[in-house]
file query-v4.txt (compact mmCIF, C-alpha atoms)
# COMPACT_ATOMS: atom_id res chain seq x y z
CA MET Z 1 -36.12 -9.10 -55.72
CA ASN Z 2 -36.75 -5.78 -54.16
CA ILE Z 3 -34.54 -5.33 -51.10
CA PRO Z 4 -35.60 -2.47 -48.83
CA VAL Z 5 -32.29 -0.62 -48.76
CA ARG Z 6 -33.04 2.03 -46.19
CA PRO Z 7 -34.17 -0.21 -43.31
CA VAL Z 8 -31.21 -2.56 -43.95
CA VAL Z 9 -28.71 0.30 -43.91
CA ALA Z 10 -30.33 1.75 -40.80
CA GLY Z 11 -30.23 -1.67 -39.13
CA LEU Z 12 -26.59 -2.21 -39.97
CA LEU Z 13 -25.78 1.27 -38.73
CA VAL Z 14 -27.45 0.55 -35.39
CA ILE Z 15 -25.64 -2.76 -35.04
CA GLY Z 16 -22.32 -1.15 -35.96
CA LEU Z 17 -22.72 1.73 -33.54
CA THR Z 18 -23.82 -0.58 -30.76
CA ALA Z 19 -20.77 -2.76 -31.32
CA ALA Z 20 -18.49 0.29 -31.28
CA VAL Z 21 -20.02 1.57 -28.06
CA LEU Z 22 -19.84 -1.84 -26.42
CA THR Z 23 -16.20 -2.29 -27.39
CA LYS Z 24 -15.39 1.07 -25.87
CA ALA Z 25 -17.41 0.23 -22.78
CA ARG Z 26 -15.62 -3.05 -22.34
CA ALA Z 27 -12.27 -1.31 -22.52
CA GLY Z 28 -13.77 1.13 -20.02
CA GLY Z 29 -13.78 4.04 -22.42
CA ASP Z 30 -12.15 7.10 -20.92
CA ASP Z 31 -12.39 5.68 -17.45
CA TYR Z 32 -10.24 2.61 -17.86
CA PHE Z 33 -6.61 2.62 -16.75
CA PRO Z 34 -4.95 -0.80 -16.81
CA PRO Z 35 -4.03 -1.81 -13.24
CA VAL Z 36 -0.44 -2.55 -12.25
CA LYS Z 37 0.33 -6.13 -13.20
CA ASP Z 38 3.95 -6.30 -12.09
CA LYS Z 39 4.11 -8.10 -8.73
CA LEU Z 40 7.03 -6.14 -7.31
CA THR Z 41 5.43 -2.83 -8.31
CA VAL Z 42 2.12 -3.84 -6.73
CA ASP Z 43 3.91 -4.84 -3.52
CA GLU Z 44 6.13 -1.78 -3.26
CA CYS Z 45 3.68 0.91 -4.39
CA GLY Z 46 0.56 -0.73 -3.07
CA SER Z 47 1.32 -1.23 0.61
CA CYS Z 48 0.52 2.33 1.75
CA HIS Z 49 -1.89 3.36 -1.00
CA MET Z 50 -3.53 1.89 -4.04
CA ALA Z 51 -0.91 1.04 -6.68
CA PHE Z 52 -1.94 3.77 -9.10
CA PRO Z 53 -2.05 2.81 -12.77
CA PRO Z 54 1.10 3.97 -14.57
CA ALA Z 55 -1.01 5.47 -17.41
CA MET Z 56 -2.17 8.17 -14.98
CA LEU Z 57 1.10 10.10 -15.15
CA PRO Z 58 3.69 10.78 -17.87
CA ALA Z 59 7.09 9.08 -17.82
CA ALA Z 60 8.85 12.22 -16.58
CA SER Z 61 6.61 12.19 -13.50
CA TRP Z 62 7.45 8.60 -12.61
CA ARG Z 63 11.17 9.15 -13.16
CA ARG Z 64 11.15 12.15 -10.85
CA MET Z 65 9.00 10.42 -8.25
CA MET Z 66 11.29 7.41 -8.13
CA VAL Z 67 14.41 9.49 -7.46
CA GLU Z 68 12.62 11.52 -4.78
CA LEU Z 69 11.29 8.58 -2.76
CA ASP Z 70 13.11 9.74 0.38
CA ASP Z 71 10.51 12.53 0.51
CA HIS Z 72 7.45 10.90 -0.99
CA PHE Z 73 4.67 13.36 -0.13
CA GLY Z 74 6.30 13.76 3.26
CA ASP Z 75 7.17 10.10 3.85
CA ASN Z 76 10.47 8.35 3.40
CA ALA Z 77 9.50 5.60 0.98
CA SER Z 78 12.98 4.84 -0.31
CA LEU Z 79 13.70 1.46 -1.84
CA ASP Z 80 16.90 -0.43 -2.44
CA PRO Z 81 18.45 0.57 -5.79
CA GLN Z 82 17.65 -2.72 -7.50
CA THR Z 83 13.97 -2.62 -6.56
CA ALA Z 84 13.73 1.07 -7.44
CA ALA Z 85 15.20 0.42 -10.89
CA HIS Z 86 12.74 -2.38 -11.57
CA VAL Z 87 9.71 -0.36 -10.44
CA THR Z 88 10.87 2.72 -12.37
CA ARG Z 89 11.21 0.71 -15.56
CA TYR Z 90 7.69 -0.69 -15.23
CA LEU Z 91 6.11 2.69 -14.49
CA VAL Z 92 7.98 4.50 -17.25
CA ASP Z 93 7.27 1.79 -19.83
CA ASN Z 94 3.54 2.02 -19.15
CA ALA Z 95 3.28 5.77 -18.58
CA ALA Z 96 0.60 8.01 -20.07
CA ASP Z 97 2.97 9.16 -22.80
CA ALA Z 98 4.53 5.74 -23.39
CA GLY Z 99 2.97 2.25 -23.39
CA GLY Z 100 -0.15 3.53 -21.62
CA ARG Z 101 -0.79 6.35 -24.11
CA ARG Z 102 -4.04 4.86 -25.33
CA TYR Z 103 -5.51 5.05 -21.82
CA GLY Z 104 -3.74 8.07 -20.39
CA ARG Z 105 -3.87 10.48 -23.31
CA LYS Z 106 -7.04 12.27 -22.21
CA LEU Z 107 -5.94 12.63 -18.62
CA MET Z 108 -2.82 14.41 -19.88
CA LYS Z 109 -4.88 17.22 -21.39
CA GLY Z 110 -3.46 20.50 -20.17
CA VAL Z 111 -0.21 18.95 -18.92
CA PRO Z 112 2.67 20.68 -20.74
CA ALA Z 113 5.00 18.35 -22.67
CA GLY Z 114 8.01 17.45 -20.55
CA ALA Z 115 6.30 18.46 -17.29
CA SER Z 116 6.55 16.06 -14.37
CA PRO Z 117 3.45 16.56 -12.21
CA GLN Z 118 3.58 14.45 -9.05
CA ARG Z 119 -0.01 14.38 -7.88
CA ILE Z 120 -2.57 12.68 -10.07
CA THR Z 121 -5.17 14.66 -8.10
CA GLU Z 122 -3.74 17.94 -9.39
CA LEU Z 123 -3.94 17.10 -13.09
CA PRO Z 124 -6.33 19.59 -14.74
CA LYS Z 125 -8.55 16.86 -16.14
CA TRP Z 126 -8.69 15.04 -12.77
CA VAL Z 127 -9.69 18.27 -11.03
CA ARG Z 128 -12.44 18.90 -13.60
CA GLU Z 129 -13.75 15.35 -13.34
CA HIS Z 130 -14.02 15.62 -9.56
CA ASP Z 131 -15.45 19.13 -9.26
CA GLU Z 132 -18.84 17.73 -8.26
CA VAL Z 133 -17.40 16.11 -5.15
CA SER Z 134 -18.09 18.31 -2.14
CA ARG Z 135 -15.66 19.11 0.66
CA SER Z 136 -17.77 17.13 3.13
CA GLU Z 137 -17.69 14.11 0.86
CA TRP Z 138 -13.89 14.29 0.69
CA GLN Z 139 -13.77 14.50 4.46
CA HIS Z 140 -16.15 11.60 4.99
CA LYS Z 141 -14.55 9.07 7.32
CA ASP Z 142 -14.56 6.36 4.65
CA VAL Z 143 -12.86 8.62 2.12
CA GLY Z 144 -10.40 10.70 4.10
CA SER Z 145 -7.87 11.09 1.29
CA LYS Z 146 -8.00 11.91 -2.40
CA ALA Z 147 -5.62 8.98 -2.84
CA ASN Z 148 -8.41 6.66 -1.70
CA CYS Z 149 -9.91 6.05 -5.17
CA LEU Z 150 -11.60 2.86 -3.99
CA ALA Z 151 -13.90 4.71 -1.62
CA CYS Z 152 -16.03 5.73 -4.63
CA HIS Z 153 -14.60 3.85 -7.61
CA VAL Z 154 -15.33 0.39 -6.30
CA ASP Z 155 -13.72 -1.34 -9.29
CA ALA Z 156 -10.59 0.81 -9.28
CA ASN Z 157 -8.38 -2.17 -8.52
CA ASP Z 158 -9.51 -3.65 -11.84
CA GLY Z 159 -8.77 -0.40 -13.64
CA TYR Z 160 -12.30 1.01 -13.80
CA PHE Z 161 -12.70 4.60 -12.62
CA GLU Z 162 -16.17 5.37 -13.94
CA ASP Z 163 -18.55 7.66 -12.07
CA ASP Z 164 -20.28 5.81 -9.25
CA MET K 1 -4.04 -25.84 36.96
CA THR K 2 -2.86 -29.35 37.75
CA PRO K 3 0.78 -30.41 37.42
CA THR K 4 -0.27 -32.65 34.51
CA ARG K 5 -1.69 -29.68 32.68
CA TYR K 6 1.49 -27.74 33.35
CA ALA K 7 3.48 -30.58 31.89
CA ILE K 8 1.27 -30.77 28.82
CA GLY K 9 1.47 -27.03 28.40
CA PHE K 10 5.20 -27.12 28.72
CA LEU K 11 5.54 -29.94 26.21
CA CYS K 12 3.28 -28.11 23.73
CA ALA K 13 5.26 -24.93 24.11
CA PHE K 14 8.49 -26.86 23.78
CA GLY K 15 7.16 -28.65 20.73
CA LEU K 16 6.15 -25.37 19.10
CA ALA K 17 9.51 -23.83 19.92
CA SER K 18 11.46 -26.72 18.49
CA THR K 19 9.43 -26.84 15.27
CA ALA K 20 10.18 -23.14 14.90
CA ILE K 21 13.91 -23.45 15.45
CA GLY K 22 15.93 -22.37 12.46
CA GLY K 23 13.09 -20.45 10.79
CA PRO K 24 13.54 -16.90 9.53
CA ARG K 25 11.73 -15.49 12.57
CA GLU K 26 14.21 -17.13 14.92
CA THR K 27 17.10 -15.92 12.79
CA LEU K 28 15.72 -12.41 13.07
CA ILE K 29 15.18 -12.60 16.84
CA ASP K 30 18.67 -14.09 17.30
CA ARG K 31 20.16 -11.27 15.27
CA TYR K 32 18.38 -8.60 17.32
CA ALA K 33 19.35 -10.39 20.54
CA ALA K 34 23.02 -10.45 19.54
CA ALA K 35 22.90 -6.74 18.67
CA ALA K 36 21.06 -5.91 21.90
CA LYS K 37 23.65 -7.79 23.92
CA ALA K 38 26.46 -6.03 22.10
CA ALA K 39 24.86 -2.68 23.00
CA ASP K 40 24.24 -3.66 26.61
CA ALA K 41 26.00 -6.56 28.31
CA GLY K 42 23.15 -6.67 30.85
CA PHE K 43 20.60 -7.59 28.15
CA ALA K 44 18.38 -10.32 29.58
CA GLY K 45 16.03 -11.19 26.75
CA PHE K 46 13.17 -9.46 25.02
CA SER K 47 9.98 -8.46 26.75
CA ALA K 48 6.52 -8.57 25.21
CA ALA K 49 5.37 -6.12 27.89
CA ARG K 50 7.98 -3.56 26.84
CA GLY K 51 6.95 -4.26 23.23
CA GLU K 52 3.35 -3.46 24.05
CA THR K 53 4.37 -0.17 25.67
CA LEU K 54 6.39 0.70 22.58
CA HIS K 55 3.42 -0.16 20.38
CA ARG K 56 0.90 1.88 22.35
CA THR K 57 2.81 4.93 23.54
CA GLN K 58 1.85 8.25 21.95
CA TYR K 59 5.34 9.55 21.23
CA ASN K 60 4.63 12.57 19.03
CA MET K 61 8.27 12.48 18.02
CA GLY K 62 8.01 11.76 14.33
CA LYS K 63 5.40 12.89 11.86
CA ALA K 64 2.44 14.82 13.24
CA ASP K 65 -0.16 12.40 11.89
CA THR K 66 1.57 9.30 13.24
CA PRO K 67 2.19 9.89 16.95
CA ALA K 68 2.08 6.14 17.69
CA CYS K 69 2.24 2.73 16.03
CA THR K 70 -1.46 2.46 16.76
CA SER K 71 -2.17 5.55 14.61
CA CYS K 72 -2.14 3.23 11.60
CA HIS K 73 -2.21 -0.26 13.13
CA GLY K 74 -5.15 0.47 15.43
CA ASN K 75 -5.60 -0.42 19.08
CA ASP K 76 -6.40 -4.08 18.56
CA THR K 77 -3.40 -6.08 17.31
CA ARG K 78 -5.75 -8.79 16.06
CA SER K 79 -7.77 -6.42 13.85
CA ALA K 80 -6.80 -4.72 10.62
CA GLY K 81 -5.39 -1.23 10.73
CA ARG K 82 -5.42 1.32 7.96
CA THR K 83 -2.97 3.67 6.34
CA ARG K 84 -3.61 7.37 6.00
CA THR K 85 -4.98 6.75 2.51
CA ARG K 86 -7.41 4.31 4.19
CA LYS K 87 -5.82 1.23 2.78
CA PRO K 88 -6.31 -1.72 5.14
CA ILE K 89 -3.26 -3.13 6.93
CA GLU K 90 -3.41 -6.81 7.84
CA PRO K 91 -3.45 -7.40 11.61
CA MET K 92 -0.02 -7.44 13.23
CA ALA K 93 -0.71 -10.26 15.72
CA LEU K 94 0.99 -13.43 14.57
CA SER K 95 -1.96 -15.53 15.72
CA VAL K 96 -4.23 -13.99 13.08
CA SER K 97 -1.57 -13.20 10.45
CA PRO K 98 0.54 -16.35 10.54
CA GLU K 99 2.52 -15.38 7.44
CA ARG K 100 4.01 -12.32 9.09
CA TYR K 101 7.64 -11.79 10.12
CA LYS K 102 9.10 -14.48 7.86
CA ASP K 103 10.73 -12.12 5.39
CA ILE K 104 13.63 -10.49 7.19
CA ALA K 105 14.18 -7.79 4.58
CA LYS K 106 10.51 -6.84 4.73
CA VAL K 107 10.51 -6.62 8.53
CA GLU K 108 13.63 -4.46 8.46
CA LYS K 109 12.20 -2.24 5.74
CA TRP K 110 9.07 -1.50 7.75
CA PHE K 111 10.89 -0.99 11.04
CA LYS K 112 13.07 1.54 9.28
CA ARG K 113 10.16 3.44 7.76
CA ASN K 114 7.74 3.25 10.64
CA CYS K 115 10.15 3.92 13.50
CA ASP K 116 11.23 6.99 11.60
CA GLU K 117 7.62 8.12 11.18
CA VAL K 118 6.63 7.52 14.79
CA LEU K 119 9.84 8.10 16.75
CA GLY K 120 11.74 10.31 14.35
CA ARG K 121 14.66 7.86 14.53
CA GLU K 122 15.53 4.23 13.89
CA CYS K 123 14.47 1.68 16.48
CA THR K 124 17.16 -0.05 18.52
CA PRO K 125 17.59 -3.82 18.26
CA LEU K 126 16.13 -4.04 21.79
CA GLU K 127 12.99 -2.19 20.71
CA LYS K 128 12.61 -4.31 17.58
CA GLY K 129 12.98 -7.54 19.53
CA ASP K 130 10.55 -6.41 22.23
CA TRP K 131 7.98 -5.36 19.67
CA LEU K 132 8.29 -8.67 17.80
CA ALA K 133 8.02 -10.57 21.08
CA TYR K 134 4.77 -8.73 21.74
CA MET K 135 3.29 -9.46 18.30
CA MET K 136 4.37 -13.10 18.33
CA ASN K 137 2.67 -13.39 21.69
CA GLN K 138 -0.58 -11.91 20.43
call {"tool": "encode", "arguments": {"input": "query-v4.txt", "output": "structure tokens"}}
result
Amino acid sequence: MNIPVRPVVAGLLVIGLTAAVLTKARAGGDDYFPPVKDKLTVDECGSCHMAFPPAMLPAASWRRMMVELDDHFGDNASLDPQTAAHVTRYLVDNAADAGGRRYGRKLMKGVPAGASPQRITELPKWVREHDEVSRSEWQHKDVGSKANCLACHVDANDGYFEDD
Amino acid sequence: MTPTRYAIGFLCAFGLASTAIGGPRETLIDRYAAAAKAADAGFAGFSAARGETLHRTQYNMGKADTPACTSCHGNDTRSAGRTRTRKPIEPMALSVSPERYKDIAKVEKWFKRNCDEVLGRECTPLEKGDWLAYMMNQ
């Protein structure tokens, strides 16, 4: 029997590539950061702002942030020591250079090893990704703050930060 | 209002009060009342009216972007407020947020943070009790 090799190979290639792309898309590709699943961390971090995914900052950042909660971007957000220890452990375990490496690796591009940046919105990759957003869009009454991811990324609470 | 209606109203209020006795909210109010009395022997109970004034006054004594409680909680106690990152805050009025004020540690945590942000200091037990009286009345 004469099997047409080329069309079969081409077909398999298409199927394979499609599957690869779909798998990546399902995981969210570069735009997926697993949301916080720890209840205490959601409650404590998520009452004033979205509970940002731990894979968006390296472990050193979270450690520093959690010992500087008495001046948390100008607010006193201090927690009792037991709660702070629990939240720190969760954030550090899932940080961009720890358990969350798979998701956070790209966002860490340009962040020197050992650095402890505090604002996700000042990471070089974040700045590049948002350079198309105009000043007036940032100041729109429904946005108001760069910490308000949900204003544009409607599925941010599920971990999806794709362009909308 | 007829005397019968007064009586019914009274019985309802009494019934509500007695079902609430011993709950965490009452524990909290009792604690603030004891502290308020210790600070001022003339303490004669909390006032929802004083609580409303506390809630609505533009103090400008804490952080610049939070001159008043209403800066984040909004003017209507029965509607949602929003934080400065635009995250919604459930309404403060007990009538629309019936789960509020049950967790003493949580109430204390937020009084501590928010009084500091608005007033630049901690709230007194009198202020806390007045404010709670206002919200429980809403």
call {"tool": "residues_around", "arguments": {"input": "query-v4.txt", "residues": "Arg56 (chain K)", "least_positions_apart": "3", "cutoff": "12 Å", "atoms": "only C-alpha atoms", "output": "PDB file with C-alpha atoms, in the coordinates of the input"}}
result
ATOM      1  CA  ALA K  49       5.370  -6.120  27.890  1.00  0.00           C
ATOM      2  CA  ARG K  50       7.980  -3.560  26.840  1.00  0.00           C
ATOM      3  CA  GLY K  51       6.950  -4.260  23.230  1.00  0.00           C
ATOM      4  CA  GLU K  52       3.350  -3.460  24.050  1.00  0.00           C
ATOM      5  CA  THR K  53       4.370  -0.170  25.670  1.00  0.00           C
ATOM      6  CA  TYR K  59       5.340   9.550  21.230  1.00  0.00           C
ATOM      7  CA  ASN K  60       4.630  12.570  19.030  1.00  0.00           C
ATOM      8  CA  THR K  66       1.570   9.300  13.240  1.00  0.00           C
ATOM      9  CA  PRO K  67       2.190   9.890  16.950  1.00  0.00           C
ATOM     10  CA  ALA K  68       2.080   6.140  17.690  1.00  0.00           C
ATOM     11  CA  CYS K  69       2.240   2.730  16.030  1.00  0.00           C
ATOM     12  CA  THR K  70      -1.460   2.460  16.760  1.00  0.00           C
ATOM     13  CA  SER K  71      -2.170   5.550  14.610  1.00  0.00           C
ATOM     14  CA  CYS K  72      -2.140   3.230  11.600  1.00  0.00           C
ATOM     15  CA  HIS K  73      -2.210  -0.260  13.130  1.00  0.00           C
ATOM     16  CA  GLY K  74      -5.150   0.470  15.430  1.00  0.00           C
ATOM     17  CA  ASN K  75      -5.600  -0.420  19.080  1.00  0.00           C
ATOM     18  CA  ASP K  76      -6.400  -4.080  18.560  1.00  0.00           C
ATOM     19  CA  THR K  77      -3.400  -6.080  17.310  1.00  0.00           C
ATOM     20  CA  VAL K 118       6.630   7.520  14.790  1.00  0.00           C
ATOM     21  CA  TRP K 131       7.980  -5.360  19.670  1.00  0.00           C
ATOM     22  CA  TYR K 134       4.770  -8.730  21.740  1.00  0.00           C
TER      23      TYR K 134
END
call {"tool": "atom_distance", "arguments": {"input": "query-v4.txt", "atom1": "CA of Thr88 (chain Z)", "atom2": "CA of His130 (chain Z)"}}
result
28.2 Å
call {"tool": "interface_residues", "arguments": {"input": "query-v4.txt", "of": "chain Z", "to": "chain K", "cutoff": "9 Å", "atoms": "all atoms listed in the file", "output": "list of chain:residue names"}}
result
Z:Gly46, Z:Ser47, Z:Cys48, Z:His49, Z:Met50, Z:Gly74, Z:Asp75, Z:Asn76, Z:Ala77, Z:Ser78, Z:Leu79, Z:Asp142, Z:Val143, Z:Gly144, Z:Ser145, Z:Lys146, Z:Ala147, Z:Asn148, Z:Ala151
call {"tool": "atom_distance", "arguments": {"input": "query-v4.txt", "atom1": "CA of Lys109 (chain Z)", "atom2": "CA of Lys125 (chain Z)"}}
result
6.4 Å
call {"tool": "residues_around", "arguments": {"input": "query-v4.txt", "residues": "Ala95 (chain Z)", "least_positions_apart": "5", "cutoff": "8 Å", "atoms": "only C-alpha atoms", "output": "PyMOL selection string"}}
result
chain Z and resi 54-59+62+100-101+104
call {"tool": "residues_around", "arguments": {"input": "query-v4.txt", "residues": "region 27-35 of chain K", "least_positions_apart": "4", "cutoff": "7 Å", "atoms": "only C-alpha atoms", "output": "PyMOL selection string"}}
result
chain K and resi 22-23+39+104+125-126+129
call {"tool": "residues_around", "arguments": {"input": "query-v4.txt", "residues": "region 42-44 of chain Z", "least_positions_apart": "5", "cutoff": "9 Å", "atoms": "only C-alpha atoms", "output": "ChimeraX atom specification"}}
result
/Z:36-37,50-52,79,83,87
call {"tool": "atom_distance", "arguments": {"input": "query-v4.txt", "atom1": "CA of Met135 (chain K)", "atom2": "CA of Ala93 (chain K)"}}
result
4.8 Å
call {"tool": "build_atoms", "arguments": {"input": "query-v4.txt", "residues": "region 46-72 of chain Z", "atoms": "N, CA and C atoms", "output": "short mmCIF file (atom, residue, chain, number, x, y, z; two decimals), in the coordinates of the input"}}
result
data_model
loop_
_atom_site.label_atom_id
_atom_site.label_comp_id
_atom_site.auth_asym_id
_atom_site.auth_seq_id
_atom_site.Cartn_x
_atom_site.Cartn_y
_atom_site.Cartn_z
N GLY Z 46 1.91 -0.50 -3.56
CA GLY Z 46 0.56 -0.73 -3.07
C GLY Z 46 0.43 -1.04 -1.59
N SER Z 47 1.51 -0.91 -0.80
CA SER Z 47 1.32 -1.23 0.61
C SER Z 47 0.75 -0.06 1.40
N CYS Z 48 1.05 1.16 1.00
CA CYS Z 48 0.52 2.33 1.75
C CYS Z 48 -0.70 2.93 1.07
N HIS Z 49 -0.76 2.81 -0.24
CA HIS Z 49 -1.89 3.36 -1.00
C HIS Z 49 -2.16 2.43 -2.16
N MET Z 50 -3.26 2.67 -2.85
CA MET Z 50 -3.53 1.89 -4.04
C MET Z 50 -2.35 2.03 -5.01
N ALA Z 51 -1.97 0.95 -5.67
CA ALA Z 51 -0.91 1.04 -6.68
C ALA Z 51 -1.53 1.71 -7.91
N PHE Z 52 -1.27 3.01 -8.04
CA PHE Z 52 -1.94 3.77 -9.10
C PHE Z 52 -1.47 3.31 -10.48
N PRO Z 53 -2.42 3.26 -11.43
CA PRO Z 53 -2.05 2.81 -12.77
C PRO Z 53 -1.00 3.73 -13.39
N PRO Z 54 0.03 3.15 -14.00
CA PRO Z 54 1.10 3.97 -14.57
C PRO Z 54 0.62 4.93 -15.66
N ALA Z 55 -0.50 4.60 -16.33
CA ALA Z 55 -1.01 5.47 -17.41
C ALA Z 55 -1.65 6.74 -16.87
N MET Z 56 -1.60 6.94 -15.55
CA MET Z 56 -2.17 8.17 -14.98
C MET Z 56 -1.18 9.31 -14.88
N LEU Z 57 0.09 9.04 -15.17
CA LEU Z 57 1.10 10.10 -15.15
C LEU Z 57 2.08 9.87 -16.30
N PRO Z 58 2.69 10.94 -16.81
CA PRO Z 58 3.69 10.78 -17.87
C PRO Z 58 5.01 10.20 -17.32
N ALA Z 59 5.83 9.72 -18.21
CA ALA Z 59 7.09 9.08 -17.82
C ALA Z 59 7.97 10.00 -16.97
N ALA Z 60 7.99 11.28 -17.32
CA ALA Z 60 8.85 12.22 -16.58
C ALA Z 60 8.42 12.30 -15.11
N SER Z 61 7.12 12.16 -14.88
CA SER Z 61 6.61 12.19 -13.50
C SER Z 61 7.13 11.00 -12.71
N TRP Z 62 7.02 9.83 -13.31
CA TRP Z 62 7.45 8.60 -12.61
C TRP Z 62 8.96 8.63 -12.36
N ARG Z 63 9.70 9.10 -13.35
CA ARG Z 63 11.17 9.15 -13.16
C ARG Z 63 11.50 10.04 -11.97
N ARG Z 64 10.87 11.22 -11.94
CA ARG Z 64 11.15 12.15 -10.85
C ARG Z 64 10.71 11.56 -9.51
N MET Z 65 9.52 10.98 -9.50
CA MET Z 65 9.00 10.42 -8.25
C MET Z 65 9.95 9.35 -7.70
N MET Z 66 10.46 8.53 -8.57
CA MET Z 66 11.29 7.41 -8.13
C MET Z 66 12.68 7.83 -7.66
N VAL Z 67 13.13 9.03 -8.03
CA VAL Z 67 14.41 9.49 -7.46
C VAL Z 67 14.17 10.38 -6.23
N GLU Z 68 12.92 10.68 -5.96
CA GLU Z 68 12.62 11.52 -4.78
C GLU Z 68 11.86 10.73 -3.72
N LEU Z 69 12.06 9.42 -3.70
CA LEU Z 69 11.29 8.58 -2.76
C LEU Z 69 11.62 8.87 -1.29
N ASP Z 70 12.78 9.46 -1.03
CA ASP Z 70 13.11 9.74 0.38
C ASP Z 70 12.21 10.84 0.95
N ASP Z 71 11.52 11.58 0.05
CA ASP Z 71 10.51 12.53 0.51
C ASP Z 71 9.28 12.36 -0.38
N HIS Z 72 8.59 11.28 -0.16
CA HIS Z 72 7.45 10.90 -0.99
C HIS Z 72 6.18 11.46 -0.34
#
